[in-house]
$ cat target-v9.cif   # mmCIF, C-alpha atoms
data_coords
#
loop_
_atom_site.label_atom_id
_atom_site.label_comp_id
_atom_site.auth_asym_id
_atom_site.auth_seq_id
_atom_site.Cartn_x
_atom_site.Cartn_y
_atom_site.Cartn_z
CA MET A 13 -16.95 -8.72 7.00
CA ALA A 14 -20.02 -7.51 5.15
CA ALA A 15 -19.65 -5.41 2.02
CA GLY A 16 -21.57 -2.57 3.61
CA LYS A 17 -19.06 -2.48 6.47
CA TRP A 18 -15.86 -2.65 4.45
CA ILE A 19 -16.41 -0.82 1.16
CA GLY A 20 -20.06 0.13 1.19
CA GLY A 21 -19.83 1.93 4.53
CA PHE A 22 -18.07 5.22 5.14
CA LEU A 23 -15.87 5.90 2.14
CA GLY A 24 -13.81 8.80 3.44
CA TRP A 25 -11.86 10.84 0.92
CA MET A 26 -12.12 8.24 -1.87
CA ALA A 27 -15.80 9.12 -2.38
CA GLY A 28 -14.74 11.72 -4.94
CA GLY A 29 -12.00 12.11 -7.54
CA PRO A 30 -10.49 9.38 -9.75
CA LEU A 31 -10.60 6.75 -6.99
CA GLY A 32 -14.30 7.41 -6.48
CA ALA A 33 -14.91 7.10 -10.22
CA LEU A 34 -13.09 3.75 -10.31
CA ALA A 35 -15.02 2.60 -7.24
CA GLY A 36 -18.26 3.36 -9.05
CA LEU A 37 -17.17 1.14 -11.94
CA ALA A 38 -15.61 -1.65 -9.86
CA ILE A 39 -18.05 -1.83 -6.98
CA GLY A 40 -21.26 -0.53 -8.52
CA ALA A 41 -24.22 -1.12 -6.22
CA MET A 42 -22.02 -1.46 -3.13
CA PHE A 43 -20.51 1.95 -3.83
CA ASP A 44 -23.91 3.54 -4.44
CA TYR A 45 -25.07 2.14 -1.12
CA GLY A 46 -22.04 3.66 0.54
CA LEU A 47 -22.81 7.12 -0.79
CA ASP A 48 -26.41 6.81 0.36
CA ASN A 49 -25.18 5.69 3.78
CA VAL A 50 -22.83 8.67 4.07
CA ASN A 51 -25.60 11.07 3.06
CA SER A 52 -28.05 9.52 5.52
CA GLN A 53 -25.52 10.05 8.31
CA GLY A 54 -25.23 13.74 7.51
CA GLY A 55 -21.88 13.58 5.70
CA GLN A 56 -21.14 16.64 3.59
CA GLN A 57 -19.18 16.49 0.37
CA GLY A 58 -16.82 19.36 -0.27
CA ALA A 59 -15.34 20.52 -3.53
CA SER A 60 -12.24 18.42 -2.96
CA GLY A 61 -14.27 15.23 -2.62
CA SER A 62 -13.43 14.64 1.03
CA GLY A 63 -16.35 13.69 3.24
CA VAL A 64 -16.88 15.15 6.71
CA TYR A 65 -18.09 12.62 9.27
CA GLY A 66 -18.19 12.02 12.98
CA ALA A 67 -14.95 11.03 14.72
CA GLY A 68 -15.58 7.28 14.66
CA HIS A 69 -16.75 7.29 11.06
CA ASP A 70 -13.76 9.30 9.90
CA SER A 71 -11.28 6.59 10.93
CA GLU A 72 -13.42 3.92 9.24
CA GLY A 73 -13.53 6.03 6.08
CA GLN A 74 -9.75 6.42 6.18
CA ARG A 75 -9.28 2.67 6.38
CA ASN A 76 -11.83 1.90 3.67
CA SER A 77 -10.18 4.48 1.40
CA PHE A 78 -6.77 2.93 2.12
CA LEU A 79 -8.03 -0.56 1.25
CA PHE A 80 -9.63 0.43 -2.04
CA ALA A 81 -6.56 2.49 -3.01
CA MET A 82 -4.47 -0.60 -2.24
CA LEU A 83 -6.59 -2.74 -4.58
CA VAL A 84 -6.31 -0.20 -7.40
CA LEU A 85 -2.51 -0.03 -7.15
CA VAL A 86 -2.22 -3.79 -6.64
CA SER A 87 -4.18 -4.33 -9.87
CA TYR A 88 -1.60 -2.17 -11.66
CA ILE A 89 1.40 -4.01 -10.17
CA ILE A 90 -0.03 -7.49 -10.84
CA LYS A 91 -0.61 -6.64 -14.52
CA ALA A 92 2.78 -4.93 -14.93
CA ASP A 93 4.42 -8.05 -16.40
CA GLY A 94 1.35 -8.88 -18.50
CA ARG A 95 0.34 -11.87 -16.37
CA VAL A 96 -1.95 -12.44 -13.39
CA MET A 97 -0.04 -14.86 -11.17
CA HIS A 98 -1.88 -17.19 -8.79
CA SER A 99 0.69 -16.47 -6.05
CA GLU A 100 0.08 -12.72 -6.29
CA MET A 101 -3.68 -13.11 -6.15
CA GLU A 102 -3.37 -15.55 -3.25
CA LEU A 103 -1.26 -13.07 -1.26
CA VAL A 104 -4.03 -10.46 -1.59
CA ARG A 105 -6.70 -13.03 -0.68
CA ARG A 106 -4.69 -14.14 2.35
CA PHE A 107 -4.17 -10.56 3.53
CA LEU A 108 -7.90 -9.82 3.29
CA ARG A 109 -8.98 -13.20 4.68
CA THR A 110 -6.64 -13.01 7.67
CA ASN A 111 -7.63 -9.49 8.61
CA PHE A 112 -11.26 -9.23 7.48
CA GLY A 113 -12.61 -12.74 6.88
CA ASP A 114 -13.64 -14.92 3.93
CA ALA A 115 -16.31 -12.53 2.65
CA ALA A 116 -13.80 -9.69 2.32
CA ALA A 117 -11.38 -11.99 0.47
CA ARG A 118 -14.10 -12.85 -2.05
CA GLN A 119 -15.14 -9.22 -2.42
CA GLY A 120 -11.54 -8.08 -2.82
CA GLU A 121 -10.92 -10.66 -5.55
CA ASP A 122 -14.12 -9.60 -7.34
CA ILE A 123 -13.03 -5.95 -7.21
CA LEU A 124 -9.60 -6.87 -8.59
CA MET A 125 -11.14 -8.78 -11.49
CA ARG A 126 -13.33 -5.78 -12.34
CA LEU A 127 -10.27 -3.53 -12.22
CA PHE A 128 -8.46 -5.91 -14.58
CA ASP A 129 -11.43 -5.72 -16.94
CA GLU A 130 -11.37 -1.91 -16.76
CA HIS A 131 -7.62 -1.96 -17.46
CA LYS A 132 -8.24 -4.06 -20.57
CA ARG A 133 -11.18 -1.90 -21.69
CA ARG A 134 -9.26 1.38 -21.39
CA GLY A 135 -5.95 0.14 -22.70
CA GLU A 136 -2.50 0.36 -21.13
CA ALA A 137 -1.81 4.08 -21.63
CA SER A 138 -5.23 5.28 -20.47
CA PHE A 139 -5.29 3.06 -17.37
CA ARG A 140 -1.74 4.13 -16.51
CA ASN A 141 -2.91 7.77 -16.58
CA THR A 142 -5.84 6.84 -14.33
CA VAL A 143 -3.51 5.17 -11.82
CA ALA A 144 -1.29 8.27 -11.87
CA ASP A 145 -4.34 10.44 -11.09
CA CYS A 146 -5.33 8.05 -8.27
CA CYS A 147 -1.82 8.29 -6.82
CA ALA A 148 -2.08 12.09 -6.85
CA GLN A 149 -5.32 11.78 -4.87
CA ILE A 150 -3.58 9.39 -2.46
CA ALA A 151 -0.69 11.84 -2.01
CA ALA A 152 -3.15 14.62 -1.18
CA ASN A 153 -5.04 12.56 1.42
CA MET A 154 -2.55 10.13 3.03
CA ASP A 155 0.38 11.11 5.20
CA HIS A 156 3.84 9.78 4.44
CA ALA A 157 3.64 6.88 6.92
CA GLN A 158 0.40 5.62 5.34
CA ARG A 159 1.88 5.89 1.84
CA LEU A 160 4.94 3.95 3.02
CA GLN A 161 2.71 1.13 4.24
CA LEU A 162 0.80 1.14 0.96
CA LEU A 163 4.10 0.97 -0.94
CA ASN A 164 5.23 -1.93 1.25
CA LEU A 165 2.10 -3.91 0.37
CA LEU A 166 2.79 -3.36 -3.34
CA VAL A 167 6.33 -4.71 -2.89
CA LEU A 168 4.98 -7.77 -1.05
CA VAL A 169 2.64 -8.51 -3.97
CA ALA A 170 5.51 -8.19 -6.46
CA LYS A 171 7.60 -10.60 -4.36
CA ALA A 172 4.79 -13.15 -4.00
CA ASP A 173 5.94 -15.44 -6.84
CA GLY A 174 9.54 -15.39 -5.63
CA THR A 175 10.82 -13.22 -8.48
CA VAL A 176 10.48 -9.45 -8.92
CA VAL A 177 10.86 -8.64 -12.61
CA GLU A 178 11.99 -5.28 -13.95
CA ALA A 179 8.49 -4.40 -15.19
CA GLU A 180 7.14 -4.77 -11.63
CA VAL A 181 9.97 -2.68 -10.18
CA GLU A 182 9.30 0.03 -12.76
CA ALA A 183 5.55 0.02 -11.98
CA ILE A 184 6.25 0.34 -8.25
CA ARG A 185 8.70 3.16 -8.93
CA GLU A 186 6.07 4.93 -11.03
CA CYS A 187 3.54 4.67 -8.20
CA ALA A 188 6.10 5.99 -5.72
CA VAL A 189 6.86 9.03 -7.87
CA TRP A 190 3.17 9.68 -8.48
CA MET A 191 2.57 9.48 -4.71
CA GLN A 192 5.39 12.02 -4.20
CA MET A 193 7.72 9.55 -2.48
CA PRO A 194 11.50 9.22 -2.96
CA LEU A 195 12.72 6.24 -4.96
CA THR A 196 15.02 5.33 -2.06
CA ASP A 197 11.86 4.12 -0.28
CA VAL A 198 11.29 1.58 -3.07
CA ASP A 199 14.89 0.33 -2.95
CA SER A 200 14.72 0.00 0.83
CA MET A 201 11.50 -2.04 0.76
CA LEU A 202 12.62 -4.30 -2.08
CA ASN A 203 15.51 -5.38 0.15
CA LEU A 204 13.46 -6.02 3.30
CA GLY A 205 13.79 -9.62 4.43
CA GLY A 206 17.10 -10.11 2.64
CA ASP A 207 19.80 -12.09 4.41
CA SER A 208 22.90 -10.37 3.03
CA LEU A 209 24.86 -7.43 4.42
CA GLU A 210 24.48 -5.65 1.08
CA ALA A 211 20.68 -5.91 1.34
CA ALA A 212 20.81 -4.61 4.92
CA TYR A 213 22.68 -1.49 3.77
CA ARG A 214 20.09 -0.97 1.04
CA VAL A 215 17.28 -1.21 3.59
CA LEU A 216 18.94 1.53 5.65
CA GLY A 217 19.56 3.56 2.50
CA VAL A 218 23.28 4.10 3.08
CA PRO A 219 26.39 2.77 1.29
CA PRO A 220 28.91 0.50 3.06
CA SER A 221 31.28 3.48 3.06
CA ALA A 222 28.95 5.48 5.35
CA THR A 223 30.25 6.51 8.76
CA ASP A 224 28.85 4.95 11.93
CA GLU A 225 27.04 8.20 12.68
CA GLU A 226 25.48 8.24 9.20
CA VAL A 227 24.27 4.66 9.76
CA ARG A 228 22.76 5.57 13.12
CA ARG A 229 21.08 8.63 11.66
CA ALA A 230 19.64 6.61 8.75
CA TYR A 231 18.23 4.01 11.13
CA ARG A 232 16.68 6.64 13.42
CA ARG A 233 14.98 8.22 10.41
CA LEU A 234 13.58 4.88 9.23
CA ALA A 235 12.45 3.92 12.73
CA LEU A 236 10.55 7.18 13.03
CA GLU A 237 8.96 6.99 9.56
CA HIS A 238 7.97 3.31 9.76
CA HIS A 239 6.87 3.02 13.38
CA PRO A 240 3.60 1.01 13.51
CA ASP A 241 1.92 3.61 15.71
CA ARG A 242 1.94 6.00 12.75
CA VAL A 243 -0.64 3.88 10.89
CA ALA A 244 -2.70 2.89 13.94
CA ALA A 245 -5.64 4.97 12.68
CA LEU A 246 -6.01 2.56 9.74
CA GLY A 247 -6.87 -0.32 12.08
CA ASP A 248 -5.15 -3.27 13.76
CA ASP A 249 -4.84 -5.18 10.49
CA ILE A 250 -2.70 -2.52 8.80
CA ARG A 251 -0.76 -1.97 12.01
CA LYS A 252 0.18 -5.67 12.15
CA ALA A 253 1.59 -5.47 8.63
CA ALA A 254 3.56 -2.39 9.68
CA GLU A 255 4.93 -4.24 12.71
CA LYS A 256 6.38 -6.98 10.47
CA LYS A 257 8.03 -4.37 8.26
CA PHE A 258 9.40 -2.56 11.35
CA GLN A 259 10.86 -5.85 12.63
CA GLU A 260 12.63 -6.43 9.29
CA ILE A 261 14.10 -2.91 9.43
CA ASN A 262 15.44 -3.67 12.90
CA GLU A 263 16.92 -6.96 11.66
CA ALA A 264 18.73 -5.09 8.87
CA LYS A 265 20.02 -2.58 11.41
CA GLU A 266 21.32 -5.35 13.67
CA ARG A 267 23.12 -7.00 10.75
CA VAL A 268 24.89 -3.75 9.85
CA TYR A 269 25.66 -2.87 13.48
CA LYS A 270 27.12 -6.34 14.10
CA ALA A 271 29.32 -6.16 10.99
CA ARG A 272 30.67 -2.81 12.18
CA GLY A 273 31.07 -3.83 15.81
CA MET A 274 28.68 -1.08 16.90
#
$ encode --input "target-v9.cif" --output "structure tokens"
Amino acid sequence: MAAGKWIGGFLGWMAGGPLGALAGLAIGAMFDYGLDNVNSQGGQQGASGSGVYGAGHDSEGQRNSFLFAMLVLVSYIIKADGRVMHSEMELVRRFLRTNFGDAAARQGEDILMRLFDEHKRRGEASFRNTVADCCAQIAANMDHAQRLQLLNLLVLVAKADGTVVEAEVEAIRECAVWMQMPLTDVDSMLNLGGDSLEAAYRVLGVPPSATDEEVRRAYRRLALEHHPDRVAALGDDIRKAAEKKFQEINEAKERVYKARGM
């Protein structure tokens, strides 16, 4: 996928605010081209930084904004333990390559490296504040289902090397709070894919002492919040990732239901 199509095309709500400022630093000429492209198509920039486009362009802008926001938060999670692990970088490359092609994988890696450089240049405290501001912008522009999918991708990156350290968990929790999401969402996603009954209860967000009705109610809530159709506007690639997560939620539900004879 060409740079102009993915990042340099319609930027949606990330064209302004802290995410837009980071994009200017990390993407440079590609970002400038994107702004010129938006302006040439008649996009209007409001005080909030959200562009107004035609119907088709709006969905593309939403997806592009989602992808850049993902890279910003991923850069924060990867550096949380002070190391850049090959397995974590490879997971991001594979996600981009599978869904967007080799060019997007190379561009995504280049953007991540520039974000790492910006992190180092600003220092830990300053970059943390920037990420917090970006999360506030995300919370104002993404619905809960989209933020859940973004959070899930962060958890997958943290799990990539087979071990999730406390520093990574804390960074993910920070992002969740900054995006105005309950910490129970983090605990649930950290336990997705687990093969124990305890992990299954954590996915559903209920204790083993919960009643059958409380278990059913918890599952119905998760099924509604995480249904893949709720992120369909972000494109087939994001929807496929949501489908895998939805399947793992159903597997946790089946494990709990079977243990209870429900």
$ resolve_selection --input "target-v9.cif" --expression "the PyMOL selection byres ((chain A and resi 104) around 8)" --output "PyMOL selection string"
chain A and resi 100-103+105-108+117+120-121+169
$ atom_distance --input "target-v9.cif" --atom1 "atom CA of Leu85 of chain A" --atom2 "atom CA of Glu260 of chain A"
23.2 Å
$ resolve_selection --input "target-v9.cif" --expression "the PyMOL selection byres ((chain A and resi 175-179) around 12)" --output "list in words"
Tyr88, Ile89, Ile90, Lys91, Ala92, Asp93, Gly94, Arg95, Met97, Ser99, Glu100, Leu166, Val167, Leu168, Val169, Ala170, Lys171, Ala172, Asp173, Gly174, Glu180, Val181, Glu182, Ala183, Ile184, Arg185, Glu186, Leu202 and Asn203 of chain A
$ write_last_selection --input "target-v9.cif" --atoms "C-alpha atoms" --output "CSV table (one decimal), in the coordinates of the input"
chain,number,residue,atom,x,y,z
A,88,TYR,CA,-1.6,-2.2,-11.7
A,89,ILE,CA,1.4,-4.0,-10.2
A,90,ILE,CA,0.0,-7.5,-10.8
A,91,LYS,CA,-0.6,-6.6,-14.5
A,92,ALA,CA,2.8,-4.9,-14.9
A,93,ASP,CA,4.4,-8.0,-16.4
A,94,GLY,CA,1.4,-8.9,-18.5
A,95,ARG,CA,0.3,-11.9,-16.4
A,97,MET,CA,0.0,-14.9,-11.2
A,99,SER,CA,0.7,-16.5,-6.0
A,100,GLU,CA,0.1,-12.7,-6.3
A,166,LEU,CA,2.8,-3.4,-3.3
A,167,VAL,CA,6.3,-4.7,-2.9
A,168,LEU,CA,5.0,-7.8,-1.0
A,169,VAL,CA,2.6,-8.5,-4.0
A,170,ALA,CA,5.5,-8.2,-6.5
A,171,LYS,CA,7.6,-10.6,-4.4
A,172,ALA,CA,4.8,-13.2,-4.0
A,173,ASP,CA,5.9,-15.4,-6.8
A,174,GLY,CA,9.5,-15.4,-5.6
A,180,GLU,CA,7.1,-4.8,-11.6
A,181,VAL,CA,10.0,-2.7,-10.2
A,182,GLU,CA,9.3,0.0,-12.8
A,183,ALA,CA,5.6,0.0,-12.0
A,184,ILE,CA,6.2,0.3,-8.2
A,185,ARG,CA,8.7,3.2,-8.9
A,186,GLU,CA,6.1,4.9,-11.0
A,202,LEU,CA,12.6,-4.3,-2.1
A,203,ASN,CA,15.5,-5.4,0.2
$ atom_distance --input "target-v9.cif" --atom1 "atom CA of Val218 of chain A" --atom2 "atom CA of Leu162 of chain A"
22.8 Å
$ closest_residue --input "target-v9.cif" --among "A:Ala35, A:Ala271, A:Ala254, A:Gly29" --to "Ala148 of chain A" --atoms "all atoms listed in the file"
A:Gly29
$ closest_residue --input "target-v9.cif" --among "A:Ala264, A:Ala188, A:Ala230, A:Met193" --to "Asp207 of chain A" --atoms "all atoms listed in the file"
A:Ala264
$ closest_residue --input "target-v9.cif" --among "A:Ser87, A:Ala211, A:Ser200, A:Glu237" --to "Lys132 of chain A" --atoms "all atoms listed in the file"
A:Ser87
$ atom_distance --input "target-v9.cif" --atom1 "atom CA of Arg232 of chain A" --atom2 "atom CA of His156 of chain A"
16.0 Å
$ residues_around --input "target-v9.cif" --residues "Leu31 of chain A" --least-positions-apart "4" --cutoff "10 Å" --atoms "only C-alpha atoms" --output "ChimeraX atom specification"
/A:25-27,35-37,77,80-81,84,142-143,145-147,149-150
$ resolve_selection --input "target-v9.cif" --expression "the PyMOL selection byres ((chain A and resi 204) around 12)" --output "PyMOL selection string"
chain A and resi 164-165+167-168+171+197-203+205-217+256-265
$ write_last_selection --input "target-v9.cif" --atoms "C-alpha atoms" --output "JSON list (two decimals), keeping the file's coordinate frame"
[["chain", "number", "residue", "atom", "x", "y", "z"],
["A", 164, "ASN", "CA", 5.23, -1.93, 1.25],
["A", 165, "LEU", "CA", 2.10, -3.91, 0.37],
["A", 167, "VAL", "CA", 6.33, -4.71, -2.89],
["A", 168, "LEU", "CA", 4.98, -7.77, -1.05],
["A", 171, "LYS", "CA", 7.60, -10.60, -4.36],
["A", 197, "ASP", "CA", 11.86, 4.12, -0.28],
["A", 198, "VAL", "CA", 11.29, 1.58, -3.07],
["A", 199, "ASP", "CA", 14.89, 0.33, -2.95],
["A", 200, "SER", "CA", 14.72, 0.00, 0.83],
["A", 201, "MET", "CA", 11.50, -2.04, 0.76],
["A", 202, "LEU", "CA", 12.62, -4.30, -2.08],
["A", 203, "ASN", "CA", 15.51, -5.38, 0.15],
["A", 205, "GLY", "CA", 13.79, -9.62, 4.43],
["A", 206, "GLY", "CA", 17.10, -10.11, 2.64],
["A", 207, "ASP", "CA", 19.80, -12.09, 4.41],
["A", 208, "SER", "CA", 22.90, -10.37, 3.03],
["A", 209, "LEU", "CA", 24.86, -7.43, 4.42],
["A", 210, "GLU", "CA", 24.48, -5.65, 1.08],
["A", 211, "ALA", "CA", 20.68, -5.91, 1.34],
["A", 212, "ALA", "CA", 20.81, -4.61, 4.92],
["A", 213, "TYR", "CA", 22.68, -1.49, 3.77],
["A", 214, "ARG", "CA", 20.09, -0.97, 1.04],
["A", 215, "VAL", "CA", 17.28, -1.21, 3.59],
["A", 216, "LEU", "CA", 18.94, 1.53, 5.65],
["A", 217, "GLY", "CA", 19.56, 3.56, 2.50],
["A", 256, "LYS", "CA", 6.38, -6.98, 10.47],
["A", 257, "LYS", "CA", 8.03, -4.37, 8.26],
["A", 258, "PHE", "CA", 9.40, -2.56, 11.35],
["A", 259, "GLN", "CA", 10.86, -5.85, 12.63],
["A", 260, "GLU", "CA", 12.63, -6.43, 9.29],
["A", 261, "ILE", "CA", 14.10, -2.91, 9.43],
["A", 262, "ASN", "CA", 15.44, -3.67, 12.90],
["A", 263, "GLU", "CA", 16.92, -6.96, 11.66],
["A", 264, "ALA", "CA", 18.73, -5.09, 8.87],
["A", 265, "LYS", "CA", 20.02, -2.58, 11.41]]
$ closest_residue --input "target-v9.cif" --among "A:Ala253, A:Leu83, A:Leu195, A:Val189" --to "Gln119 of chain A" --atoms "all atoms listed in the file"
A:Leu83
$ closest_residue --input "target-v9.cif" --among "A:Asn153, A:His239, A:Phe128, A:Arg267" --to "Arg75 of chain A" --atoms "all atoms listed in the file"
A:Asn153
$ closest_residue --input "target-v9.cif" --among "A:Gln74, A:Arg133, A:Gly24, A:Tyr269" --to "Asp155 of chain A" --atoms "only C-alpha atoms"
A:Gln74
$ decode --input "target-v9.cif" --residues "segment 257-267 of chain A" --atoms "all heavy atoms" --output "PDB file, in the first residue's frame"
ATOM      1  N   LYS A 257     -10.401 -11.951  18.497  1.00  0.00           N
ATOM      2  CA  LYS A 257     -10.647 -11.623  19.901  1.00  0.00           C
ATOM      3  C   LYS A 257     -12.032 -12.121  20.326  1.00  0.00           C
ATOM      4  O   LYS A 257     -12.189 -12.696  21.409  1.00  0.00           O
ATOM      5  CB  LYS A 257     -10.555 -10.108  20.086  1.00  0.00           C
ATOM      6  CG  LYS A 257     -10.873  -9.625  21.501  1.00  0.00           C
ATOM      7  CD  LYS A 257     -10.889  -8.110  21.550  1.00  0.00           C
ATOM      8  CE  LYS A 257     -11.935  -7.535  20.637  1.00  0.00           C
ATOM      9  NZ  LYS A 257     -12.069  -6.071  20.738  1.00  0.00           N
ATOM     10  N   PHE A 258     -13.040 -11.937  19.468  1.00  0.00           N
ATOM     11  CA  PHE A 258     -14.404 -12.366  19.766  1.00  0.00           C
ATOM     12  C   PHE A 258     -14.459 -13.887  19.936  1.00  0.00           C
ATOM     13  O   PHE A 258     -15.153 -14.406  20.829  1.00  0.00           O
ATOM     14  CB  PHE A 258     -15.336 -11.924  18.633  1.00  0.00           C
ATOM     15  CG  PHE A 258     -16.797 -12.034  18.946  1.00  0.00           C
ATOM     16  CD1 PHE A 258     -17.370 -11.236  19.926  1.00  0.00           C
ATOM     17  CD2 PHE A 258     -17.604 -12.920  18.257  1.00  0.00           C
ATOM     18  CE1 PHE A 258     -18.729 -11.327  20.221  1.00  0.00           C
ATOM     19  CE2 PHE A 258     -18.957 -13.025  18.542  1.00  0.00           C
ATOM     20  CZ  PHE A 258     -19.518 -12.219  19.517  1.00  0.00           C
ATOM     21  N   GLN A 259     -13.714 -14.610  19.100  1.00  0.00           N
ATOM     22  CA  GLN A 259     -13.655 -16.068  19.202  1.00  0.00           C
ATOM     23  C   GLN A 259     -13.056 -16.491  20.545  1.00  0.00           C
ATOM     24  O   GLN A 259     -13.541 -17.432  21.181  1.00  0.00           O
ATOM     25  CB  GLN A 259     -12.824 -16.649  18.059  1.00  0.00           C
ATOM     26  CG  GLN A 259     -12.683 -18.165  18.106  1.00  0.00           C
ATOM     27  CD  GLN A 259     -11.778 -18.695  16.997  1.00  0.00           C
ATOM     28  OE1 GLN A 259     -11.445 -17.976  16.062  1.00  0.00           O
ATOM     29  NE2 GLN A 259     -11.388 -19.943  17.100  1.00  0.00           N
ATOM     30  N   GLU A 260     -12.017 -15.790  21.002  1.00  0.00           N
ATOM     31  CA  GLU A 260     -11.375 -16.130  22.268  1.00  0.00           C
ATOM     32  C   GLU A 260     -12.304 -15.833  23.443  1.00  0.00           C
ATOM     33  O   GLU A 260     -12.287 -16.554  24.456  1.00  0.00           O
ATOM     34  CB  GLU A 260     -10.061 -15.374  22.407  1.00  0.00           C
ATOM     35  CG  GLU A 260      -8.993 -15.861  21.430  1.00  0.00           C
ATOM     36  CD  GLU A 260      -7.721 -15.040  21.487  1.00  0.00           C
ATOM     37  OE1 GLU A 260      -7.789 -13.880  21.944  1.00  0.00           O
ATOM     38  OE2 GLU A 260      -6.672 -15.554  21.081  1.00  0.00           O
ATOM     39  N   ILE A 261     -13.119 -14.795  23.334  1.00  0.00           N
ATOM     40  CA  ILE A 261     -14.118 -14.510  24.370  1.00  0.00           C
ATOM     41  C   ILE A 261     -15.134 -15.644  24.438  1.00  0.00           C
ATOM     42  O   ILE A 261     -15.507 -16.110  25.526  1.00  0.00           O
ATOM     43  CB  ILE A 261     -14.820 -13.162  24.101  1.00  0.00           C
ATOM     44  CG1 ILE A 261     -13.841 -12.009  24.327  1.00  0.00           C
ATOM     45  CG2 ILE A 261     -16.058 -13.005  24.986  1.00  0.00           C
ATOM     46  CD1 ILE A 261     -14.363 -10.660  23.895  1.00  0.00           C
ATOM     47  N   ASN A 262     -15.558 -16.126  23.275  1.00  0.00           N
ATOM     48  CA  ASN A 262     -16.513 -17.230  23.236  1.00  0.00           C
ATOM     49  C   ASN A 262     -15.905 -18.518  23.803  1.00  0.00           C
ATOM     50  O   ASN A 262     -16.597 -19.305  24.467  1.00  0.00           O
ATOM     51  CB  ASN A 262     -17.004 -17.472  21.809  1.00  0.00           C
ATOM     52  CG  ASN A 262     -18.084 -16.495  21.397  1.00  0.00           C
ATOM     53  OD1 ASN A 262     -18.964 -16.165  22.182  1.00  0.00           O
ATOM     54  ND2 ASN A 262     -18.023 -16.009  20.172  1.00  0.00           N
ATOM     55  N   GLU A 263     -14.618 -18.732  23.553  1.00  0.00           N
ATOM     56  CA  GLU A 263     -13.957 -19.917  24.100  1.00  0.00           C
ATOM     57  C   GLU A 263     -13.886 -19.841  25.625  1.00  0.00           C
ATOM     58  O   GLU A 263     -14.069 -20.863  26.313  1.00  0.00           O
ATOM     59  CB  GLU A 263     -12.553 -20.046  23.503  1.00  0.00           C
ATOM     60  CG  GLU A 263     -12.558 -20.447  22.037  1.00  0.00           C
ATOM     61  CD  GLU A 263     -11.191 -20.335  21.387  1.00  0.00           C
ATOM     62  OE1 GLU A 263     -10.251 -19.850  22.069  1.00  0.00           O
ATOM     63  OE2 GLU A 263     -11.053 -20.725  20.207  1.00  0.00           O
ATOM     64  N   ALA A 264     -13.638 -18.654  26.163  1.00  0.00           N
ATOM     65  CA  ALA A 264     -13.626 -18.479  27.618  1.00  0.00           C
ATOM     66  C   ALA A 264     -15.016 -18.734  28.188  1.00  0.00           C
ATOM     67  O   ALA A 264     -15.166 -19.394  29.232  1.00  0.00           O
ATOM     68  CB  ALA A 264     -13.154 -17.073  27.975  1.00  0.00           C
ATOM     69  N   LYS A 265     -16.023 -18.224  27.497  1.00  0.00           N
ATOM     70  CA  LYS A 265     -17.407 -18.446  27.937  1.00  0.00           C
ATOM     71  C   LYS A 265     -17.738 -19.928  27.961  1.00  0.00           C
ATOM     72  O   LYS A 265     -18.327 -20.437  28.934  1.00  0.00           O
ATOM     73  CB  LYS A 265     -18.367 -17.693  27.019  1.00  0.00           C
ATOM     74  CG  LYS A 265     -19.839 -17.835  27.393  1.00  0.00           C
ATOM     75  CD  LYS A 265     -20.589 -18.885  26.587  1.00  0.00           C
ATOM     76  CE  LYS A 265     -20.721 -18.512  25.133  1.00  0.00           C
ATOM     77  NZ  LYS A 265     -21.555 -19.504  24.406  1.00  0.00           N
ATOM     78  N   GLU A 266     -17.361 -20.657  26.926  1.00  0.00           N
ATOM     79  CA  GLU A 266     -17.653 -22.083  26.849  1.00  0.00           C
ATOM     80  C   GLU A 266     -16.945 -22.848  27.969  1.00  0.00           C
ATOM     81  O   GLU A 266     -17.508 -23.807  28.523  1.00  0.00           O
ATOM     82  CB  GLU A 266     -17.221 -22.643  25.482  1.00  0.00           C
ATOM     83  CG  GLU A 266     -18.076 -22.161  24.317  1.00  0.00           C
ATOM     84  CD  GLU A 266     -19.536 -22.580  24.457  1.00  0.00           C
ATOM     85  OE1 GLU A 266     -19.794 -23.653  25.050  1.00  0.00           O
ATOM     86  OE2 GLU A 266     -20.405 -21.827  24.007  1.00  0.00           O
ATOM     87  N   ARG A 267     -15.735 -22.433  28.320  1.00  0.00           N
ATOM     88  CA  ARG A 267     -14.998 -23.105  29.390  1.00  0.00           C
ATOM     89  C   ARG A 267     -15.718 -22.919  30.735  1.00  0.00           C
ATOM     90  O   ARG A 267     -15.854 -23.866  31.523  1.00  0.00           O
ATOM     91  CB  ARG A 267     -13.571 -22.557  29.460  1.00  0.00           C
ATOM     92  CG  ARG A 267     -12.673 -23.344  30.404  1.00  0.00           C
ATOM     93  CD  ARG A 267     -11.228 -22.861  30.335  1.00  0.00           C
ATOM     94  NE  ARG A 267     -10.659 -23.149  29.015  1.00  0.00           N
ATOM     95  CZ  ARG A 267     -10.256 -22.232  28.173  1.00  0.00           C
ATOM     96  NH1 ARG A 267     -10.350 -20.947  28.486  1.00  0.00           N
ATOM     97  NH2 ARG A 267      -9.755 -22.548  27.002  1.00  0.00           N
TER      98      ARG A 267
END
